[in-house]
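The data block below is entry03.cif; it holds mmCIF, C-alpha atoms.
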```cif
data_data
#
loop_
_atom_site.label_atom_id
_atom_site.label_comp_id
_atom_site.auth_asym_id
_atom_site.auth_seq_id
_atom_site.Cartn_x
_atom_site.Cartn_y
_atom_site.Cartn_z
CA MET A 169 -59.11 -3.23 102.87
CA THR A 170 -56.84 -5.86 101.48
CA VAL A 171 -58.31 -9.34 101.28
CA VAL A 172 -55.84 -12.11 102.03
CA ASP A 173 -56.60 -15.56 100.72
CA ILE A 174 -55.98 -18.08 103.44
CA PRO A 175 -54.75 -21.39 102.01
CA PRO A 176 -56.48 -24.53 103.16
CA PRO A 177 -54.80 -26.31 106.03
CA LEU A 178 -52.25 -28.93 105.15
CA PRO A 179 -53.46 -32.51 105.54
CA VAL A 180 -52.43 -34.12 108.78
CA ARG A 181 -51.26 -37.67 108.59
CA ASP A 182 -53.29 -40.03 110.74
CA ARG A 183 -50.66 -41.80 112.78
CA ALA A 184 -53.02 -44.68 113.43
CA ALA A 185 -53.71 -45.26 109.74
CA PRO A 186 -50.53 -47.22 108.87
CA HIS A 187 -51.27 -49.62 111.69
CA ASP A 188 -54.73 -50.39 110.36
CA ALA A 189 -54.08 -50.17 106.62
CA ALA A 190 -53.49 -53.89 106.30
CA ALA A 191 -56.41 -54.95 108.47
CA GLY A 192 -58.48 -57.47 106.56
CA ALA A 193 -56.46 -57.06 103.37
CA LEU A 194 -55.37 -60.68 103.38
CA SER A 195 -57.92 -62.58 105.46
CA PRO A 196 -61.16 -60.97 106.63
CA MET A 197 -61.84 -64.15 108.60
CA LEU A 198 -58.59 -63.71 110.52
CA ILE A 199 -59.45 -60.11 111.38
CA ARG A 200 -62.90 -61.18 112.58
CA LEU A 201 -61.34 -63.88 114.77
CA ALA A 202 -58.96 -61.30 116.21
CA GLU A 203 -61.87 -58.98 117.01
CA GLU A 204 -63.70 -61.86 118.69
CA ARG A 205 -60.55 -62.71 120.69
CA ALA A 206 -61.03 -66.24 119.41
CA THR A 207 -58.90 -69.18 120.48
CA GLY A 208 -58.24 -72.10 118.15
CA VAL A 209 -56.57 -73.03 114.88
CA LEU A 210 -57.08 -71.38 111.47
CA VAL A 211 -56.29 -73.86 108.70
CA ARG A 212 -55.60 -72.41 105.26
CA GLU A 213 -54.37 -73.96 102.02
CA HIS A 214 -50.68 -73.18 102.56
CA GLY A 215 -50.35 -73.04 106.33
CA THR A 216 -51.90 -72.95 109.79
CA LEU A 217 -52.20 -70.17 112.35
CA HIS A 218 -52.70 -70.91 116.06
CA LEU A 219 -54.63 -68.20 117.91
CA ALA A 220 -55.01 -67.46 121.61
CA GLU A 221 -57.50 -64.73 122.48
CA GLY A 222 -57.26 -63.35 118.95
CA ARG A 223 -53.46 -63.21 118.75
CA VAL A 224 -51.08 -65.49 116.85
CA VAL A 225 -49.04 -67.75 119.12
CA HIS A 226 -47.67 -70.08 116.46
CA ALA A 227 -47.63 -70.51 112.66
CA GLU A 228 -46.57 -73.42 110.50
CA SER A 229 -46.45 -74.17 106.80
CA PRO A 230 -45.11 -77.05 104.71
CA LEU A 231 -43.42 -74.38 102.58
CA ALA A 232 -41.36 -72.91 105.44
CA PRO A 233 -38.68 -74.65 107.52
CA GLY A 234 -39.65 -74.95 111.17
CA LEU A 235 -37.81 -73.57 114.15
CA ASP A 236 -36.06 -76.92 114.63
CA VAL A 237 -34.53 -76.76 111.14
CA LEU A 238 -33.47 -73.14 111.49
CA LEU A 239 -31.73 -73.79 114.82
CA THR A 240 -30.03 -77.08 114.02
CA ALA A 241 -29.00 -76.67 110.37
CA HIS A 242 -25.92 -74.52 110.98
CA GLY A 243 -24.80 -75.69 114.39
CA THR A 244 -26.63 -73.07 116.45
CA LEU A 245 -28.09 -75.99 118.35
CA ASP A 246 -26.97 -79.61 118.40
CA PRO A 247 -29.76 -81.74 116.89
CA ALA A 248 -29.20 -84.24 119.70
CA VAL A 249 -30.40 -81.74 122.32
CA TRP A 250 -33.40 -80.37 120.42
CA PRO A 251 -36.57 -81.40 122.29
CA TRP A 252 -38.14 -83.16 119.32
CA THR A 253 -41.82 -82.32 119.56
CA ASP A 254 -44.44 -80.72 117.35
CA ASP A 255 -45.33 -78.39 120.23
CA ILE A 256 -42.96 -75.51 119.45
CA PRO A 257 -43.97 -73.34 122.46
CA ALA A 258 -43.26 -76.29 124.78
CA ALA A 259 -39.92 -76.85 123.01
CA ALA A 260 -39.01 -73.19 123.57
CA HIS A 261 -39.75 -73.58 127.29
CA ARG A 262 -37.44 -76.60 127.48
CA LEU A 263 -34.62 -74.85 125.64
CA LEU A 264 -34.77 -71.88 127.99
CA ALA A 265 -35.00 -74.07 131.08
CA ALA A 266 -31.89 -75.96 129.96
CA ALA A 267 -30.09 -72.67 129.19
CA LEU A 268 -29.19 -73.99 125.74
CA LEU A 269 -29.80 -70.64 124.02
CA PRO A 270 -29.96 -67.02 125.21
CA ARG A 271 -33.54 -65.86 125.58
CA GLY A 272 -33.13 -62.99 123.10
CA ALA A 273 -31.64 -65.22 120.39
CA LEU A 274 -34.39 -67.79 120.77
CA GLU A 275 -37.11 -65.14 120.70
CA LEU A 276 -35.65 -63.64 117.52
CA CYS A 277 -35.52 -67.05 115.81
CA ARG A 278 -39.04 -67.92 116.94
CA LEU A 279 -40.42 -64.62 115.66
CA GLY A 280 -38.68 -65.06 112.32
CA SER A 281 -40.06 -68.58 112.01
CA LEU A 282 -43.59 -67.37 112.82
CA TYR A 283 -43.50 -64.59 110.20
CA ASP A 284 -41.95 -66.98 107.67
CA ALA A 285 -44.74 -69.56 108.02
CA GLY A 286 -47.36 -66.82 108.36
CA TYR A 287 -46.33 -65.37 105.00
CA PHE A 288 -47.28 -68.63 103.28
CA ALA A 289 -50.34 -69.23 105.45
CA LEU A 290 -51.76 -65.89 104.28
CA ALA A 291 -50.90 -66.49 100.63
CA PRO A 292 -53.73 -66.33 98.06
CA SER A 293 -55.77 -69.49 98.32
CA SER A 294 -58.08 -71.43 96.03
CA THR A 295 -59.97 -72.89 99.00
CA PRO A 296 -61.67 -71.18 101.98
CA GLY A 297 -60.04 -71.28 105.37
CA ARG A 298 -61.44 -73.32 108.25
CA PHE A 299 -61.30 -72.36 111.92
CA ARG A 300 -61.48 -74.88 114.74
CA TYR A 301 -62.36 -73.35 118.08
CA GLY A 302 -60.60 -74.93 120.99
CA THR A 303 -57.53 -74.94 123.16
CA PRO A 304 -54.38 -73.64 121.42
CA ALA A 305 -50.88 -74.94 121.82
CA ALA A 306 -49.33 -74.49 125.23
CA ASP A 307 -48.48 -70.90 126.10
CA GLY A 308 -44.99 -70.12 124.91
CA PRO A 309 -42.42 -68.08 126.79
CA PHE A 310 -42.74 -65.18 124.34
CA PRO A 311 -45.53 -62.68 123.60
CA ALA A 312 -48.13 -63.54 120.98
CA VAL A 313 -48.19 -61.53 117.74
CA PRO A 314 -51.15 -59.27 116.89
CA VAL A 315 -52.97 -60.28 113.71
CA THR A 316 -52.54 -56.79 112.24
CA ALA A 317 -48.76 -57.05 112.73
CA LEU A 318 -48.66 -60.38 110.87
CA GLU A 319 -50.72 -58.97 107.98
CA ARG A 320 -48.56 -55.83 107.73
CA GLU A 321 -45.37 -57.89 107.64
CA THR A 322 -46.83 -60.25 105.03
CA LEU A 323 -47.83 -57.34 102.79
CA ARG A 324 -44.40 -55.73 103.24
CA ARG A 325 -42.75 -58.97 102.10
CA ARG A 326 -45.02 -59.27 99.08
CA GLU A 327 -44.20 -55.72 98.02
CA LEU A 328 -40.47 -56.32 98.45
CA LEU A 329 -40.55 -59.44 96.26
CA TYR A 330 -42.57 -57.60 93.62
CA ARG A 331 -40.03 -54.77 93.49
CA ILE A 332 -37.18 -57.24 93.04
CA TRP A 333 -38.87 -59.32 90.32
CA PRO A 334 -42.61 -59.11 89.61
CA ASP A 335 -43.07 -62.67 88.33
CA PRO A 336 -44.09 -64.96 91.25
CA SER A 337 -43.74 -68.18 89.24
CA THR A 338 -40.22 -68.71 90.62
CA ASP A 339 -41.64 -69.05 94.15
CA GLY A 340 -43.13 -72.50 93.73
CA ALA A 341 -42.11 -74.04 90.41
CA PRO A 342 -39.07 -76.27 89.84
CA LEU A 343 -36.15 -74.04 88.87
CA ILE A 344 -33.63 -74.31 86.05
CA ARG A 345 -30.31 -72.57 85.49
CA ALA A 346 -30.02 -69.93 82.80
CA ASP A 347 -26.85 -68.95 80.99
CA PRO A 348 -26.80 -65.23 80.23
CA VAL A 349 -24.18 -63.86 77.87
CA ALA A 350 -22.66 -61.68 80.58
CA ALA A 351 -23.42 -63.29 83.92
CA PRO A 352 -23.39 -60.76 86.78
CA PRO A 353 -21.48 -61.60 89.98
CA VAL A 354 -23.43 -63.27 92.76
CA THR A 355 -23.00 -63.29 96.52
CA GLN A 356 -21.97 -66.35 98.47
CA ARG A 357 -25.54 -66.77 99.71
CA GLN A 358 -26.90 -66.59 96.17
CA ARG A 359 -24.26 -69.04 94.95
CA ALA A 360 -25.41 -71.60 97.53
CA VAL A 361 -28.95 -71.25 96.19
CA LEU A 362 -27.86 -71.39 92.56
CA ASN A 363 -25.82 -74.55 93.18
CA ARG A 364 -29.02 -76.36 94.17
CA VAL A 365 -31.03 -75.35 91.11
CA ASP A 366 -31.37 -78.56 89.10
CA GLY A 367 -34.74 -78.46 87.34
CA VAL A 368 -36.36 -80.43 90.17
CA ARG A 369 -35.98 -78.46 93.41
CA THR A 370 -38.37 -75.63 94.25
CA ALA A 371 -37.62 -72.55 96.35
CA PRO A 372 -39.10 -74.04 99.58
CA GLU A 373 -37.09 -77.25 99.06
CA ILE A 374 -33.89 -75.27 98.58
CA ALA A 375 -34.63 -73.26 101.73
CA ARG A 376 -35.12 -76.43 103.75
CA GLU A 377 -31.88 -77.99 102.43
CA LEU A 378 -29.96 -74.83 103.29
CA GLY A 379 -31.65 -74.46 106.68
CA ARG A 380 -32.65 -70.89 105.86
CA PRO A 381 -35.95 -69.03 106.19
CA ALA A 382 -38.06 -69.60 103.11
CA PHE A 383 -38.73 -65.91 102.54
CA HIS A 384 -35.01 -65.06 102.55
CA THR A 385 -34.53 -67.76 99.93
CA LEU A 386 -37.34 -66.28 97.84
CA VAL A 387 -35.50 -62.94 97.93
CA ASP A 388 -32.31 -64.56 96.64
CA ILE A 389 -34.19 -66.47 93.95
CA ARG A 390 -36.05 -63.42 92.69
CA ARG A 391 -32.77 -61.49 92.50
CA LEU A 392 -31.20 -64.34 90.56
CA ALA A 393 -34.22 -64.39 88.24
CA ALA A 394 -33.94 -60.63 87.72
CA ALA A 395 -30.27 -61.15 86.82
CA GLY A 396 -31.22 -63.80 84.26
CA LEU A 397 -29.46 -66.61 86.11
CA LEU A 398 -32.46 -68.87 86.71
CA ALA A 399 -36.04 -69.34 85.61
CA PRO A 400 -39.01 -71.55 86.42
CA ARG A 401 -39.01 -74.80 84.53
CA SER A 402 -41.65 -74.90 81.82
CA THR A 403 -44.50 -77.21 82.74
CA THR A 404 -45.95 -77.25 79.24
CA ALA A 405 -46.57 -80.84 78.27
CA ALA A 406 -44.80 -82.18 75.23
CA PRO A 407 -47.09 -83.03 72.28
CA PRO A 408 -48.17 -86.66 72.30
CA ARG A 409 -46.12 -88.99 70.13
CA LEU A 410 -48.21 -90.59 67.40
CA PRO A 411 -47.87 -94.28 66.66
CA PRO A 412 -45.78 -95.17 63.58
CA VAL A 413 -47.62 -95.10 60.27
CA THR A 414 -48.16 -98.57 58.86
CA ASP A 415 -50.64 -97.91 56.03
CA PRO A 416 -48.54 -97.84 52.77
CA ASP A 417 -50.66 -95.11 51.15
CA ILE A 418 -50.37 -92.83 54.20
CA ALA A 419 -46.66 -93.54 54.40
CA LEU A 420 -46.22 -92.59 50.73
CA LEU A 421 -48.11 -89.32 51.24
CA LYS A 422 -45.94 -88.53 54.23
CA ARG A 423 -42.73 -89.10 52.22
CA LEU A 424 -44.05 -86.84 49.43
CA ARG A 425 -44.91 -84.11 51.94
CA ASP A 426 -41.45 -84.32 53.51
CA ALA A 427 -39.81 -84.13 50.07
CA LEU A 428 -41.82 -81.03 49.13
CA GLU A 429 -40.92 -79.34 52.41
CA ALA A 430 -37.25 -80.03 51.74
CA LEU A 431 -37.32 -78.20 48.36
#
```

This structure in structure tokens:
Amino acid sequence: MTVVDIPPPLPVRDRAAPHDAAAGALSPMLIRLAEERATGVLVREHGTLHLAEGRVVHAESPLAPGLDVLLTAHGTLDPAVWPWTDDIPAAAHRLLAAALLPRGALELCRLGSLYDAGYFALAPSSTPGRFRYGTPAADGPFPAVPVTALERETLRRRELLYRIWPDPSTDGAPLIRADPVAAPPVTQRQRAVLNRVDGVRTAPEIARELGRPAFHTLVDIRRLAAAGLLAPRSTTAAPPRLPPVTDPDIALLKRLRDALEAL
């Protein structure tokens, strides 16, 4: 009788695995709050997440332009009609009630703003996060975002930036122009970013001036860094200047040393 070796079965991909792969990778506290269906505000070093029953209803960060900037910077919405308030969900209600923007366009902008601020809020931190239980911001007109979705998107963005240029120092440091021997061509978007590089502005400041999402600006800046067109400004302190030498003997020794070095 012939014996036939039966190969082991092929592995079957767990379709649920990709959805849970990011869970807790960035903030175990956030995952725990989601499991508790907690309501309140999670304050982290670089941003704030507002939760309602364990889901993210709003995110904000000083490093990311808010929804007001994104909508008014390029004429999408007249600044005079923006309902100036820190309560973004309430502002969204007012915009829809006044029929100033189509619902789909506003929802897309709001979601982009949330992921933009959430990316910075979930950035590595040197201080622990703090959660304040309580009533969140007013319910917005759009669905809340699951915590796992925010973590997955944040990890995807990190990986994308790393593939473009692995050095993250360009993300927060003042930027300077570089002058490569053979400068590659740049897109119009990248040119607008490059025109604002002056040794003082950082990537978030450039994004705010341009009225663009901060993450999109980081993508442009990393591509420009990979092309050798910009770099982070060195923050190394210059050596302290010594007071002038007044002792005649020390001055003579210094002149002798300088003469010997010149030989």

Distance query 8 Å from (-28.9, -60.6, 85.4) using only C-alpha atoms, result as a PyMOL selection string: chain A and resi 348+350-352+392-397

Shortest interatomic distance to Val354 of chain A - which of A:Tyr283, A:Arg391, A:Leu329, A:Arg324, counting only C-alpha atoms: A:Arg391

Selected residue of minimal separation from Ala227 of chain A among A:Leu318, A:Leu194, A:Leu386, A:Ala399, counting all atoms listed in the file: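 Nearest candidate to Ala227 of chain A out of A:Leu318, A:Leu194, A:Leu386, A:Ala399: A:Leu318.
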
Once 6 Å is added on each side, what are the centre and the three edge lengths, in Å to one decimal, of the axis-aligned box enclosing the listed atoms of segment 341-359 of chain A? Present them as JSON.
```
{"center_x": -31.8, "center_y": -68.5, "center_z": 88.8, "size_x": 32.6, "size_y": 27.5, "size_z": 33.8}
```

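Those residues that approach Ala360 of chain A to within 12 Å, counting all atoms listed in the file, are Val354, Thr355, Gln356, Arg357, Asn363, Arg364, Val365, Ile374, Ala375, Glu377, Leu378, Gly379, Arg380, Thr385, Asp388, Ile389 and Leu392 of chain A; same-chain residues fewer than 3 positions away are not listed.
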
Picked residues, the PyMOL selection byres ((chain A and resi 376) around 12), as a VMD selection string: chain A and resid 229 to 242 361 364 369 to 375 377 to 386

Test item: which residues lie within 9 Å of (-35.8, -75.7, 87.7) counting all atoms listed in the file, as a PyMOL selection string: chain A and resi 338+341-345+365-370+398-402

Keeping only C-alpha atoms, take the residues you just selected and write them out as a PDB file, in the coordinates of the input.
```pdb
ATOM      1  CA  THR A 338     -40.220 -68.710  90.620  1.00  0.00           C
ATOM      2  CA  ALA A 341     -42.110 -74.040  90.410  1.00  0.00           C
ATOM      3  CA  PRO A 342     -39.070 -76.270  89.840  1.00  0.00           C
ATOM      4  CA  LEU A 343     -36.150 -74.040  88.870  1.00  0.00           C
ATOM      5  CA  ILE A 344     -33.630 -74.310  86.050  1.00  0.00           C
ATOM      6  CA  ARG A 345     -30.310 -72.570  85.490  1.00  0.00           C
ATOM      7  CA  VAL A 365     -31.030 -75.350  91.110  1.00  0.00           C
ATOM      8  CA  ASP A 366     -31.370 -78.560  89.100  1.00  0.00           C
ATOM      9  CA  GLY A 367     -34.740 -78.460  87.340  1.00  0.00           C
ATOM     10  CA  VAL A 368     -36.360 -80.430  90.170  1.00  0.00           C
ATOM     11  CA  ARG A 369     -35.980 -78.460  93.410  1.00  0.00           C
ATOM     12  CA  THR A 370     -38.370 -75.630  94.250  1.00  0.00           C
ATOM     13  CA  LEU A 398     -32.460 -68.870  86.710  1.00  0.00           C
ATOM     14  CA  ALA A 399     -36.040 -69.340  85.610  1.00  0.00           C
ATOM     15  CA  PRO A 400     -39.010 -71.550  86.420  1.00  0.00           C
ATOM     16  CA  ARG A 401     -39.010 -74.800  84.530  1.00  0.00           C
ATOM     17  CA  SER A 402     -41.650 -74.900  81.820  1.00  0.00           C
TER      18      SER A 402
END
```

Atom CA of Val313 of chain A to atom CA of His226 of chain A, distance in Å rounded to a single decimal: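 These two atoms are separated by 8.7 Å.
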
Residue IDs satisfying the PyMOL selection byres ((chain A and resi 195) around 12), as a count of residues only: 33

Atomic distance atom CA of Gly272 of chain A - atom CA of Leu328 of chain A, expressed in Å with one decimal: 26.6 Å

Distance of atom CA of Ser294 of chain A from atom CA of Ala312 of chain A, expressed in Å to one decimal place: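 Answer for the atom CA of Ala312 of chain A to atom CA of Ser294 of chain A separation: 28.0 Å.
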
Residue with smallest distance to Arg331 of chain A - pool A:Gly243, A:Val209, A:Leu219, A:Arg390, counting all atoms listed in the file: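 Nearest candidate to Arg331 of chain A out of A:Gly243, A:Val209, A:Leu219, A:Arg390: A:Arg390.
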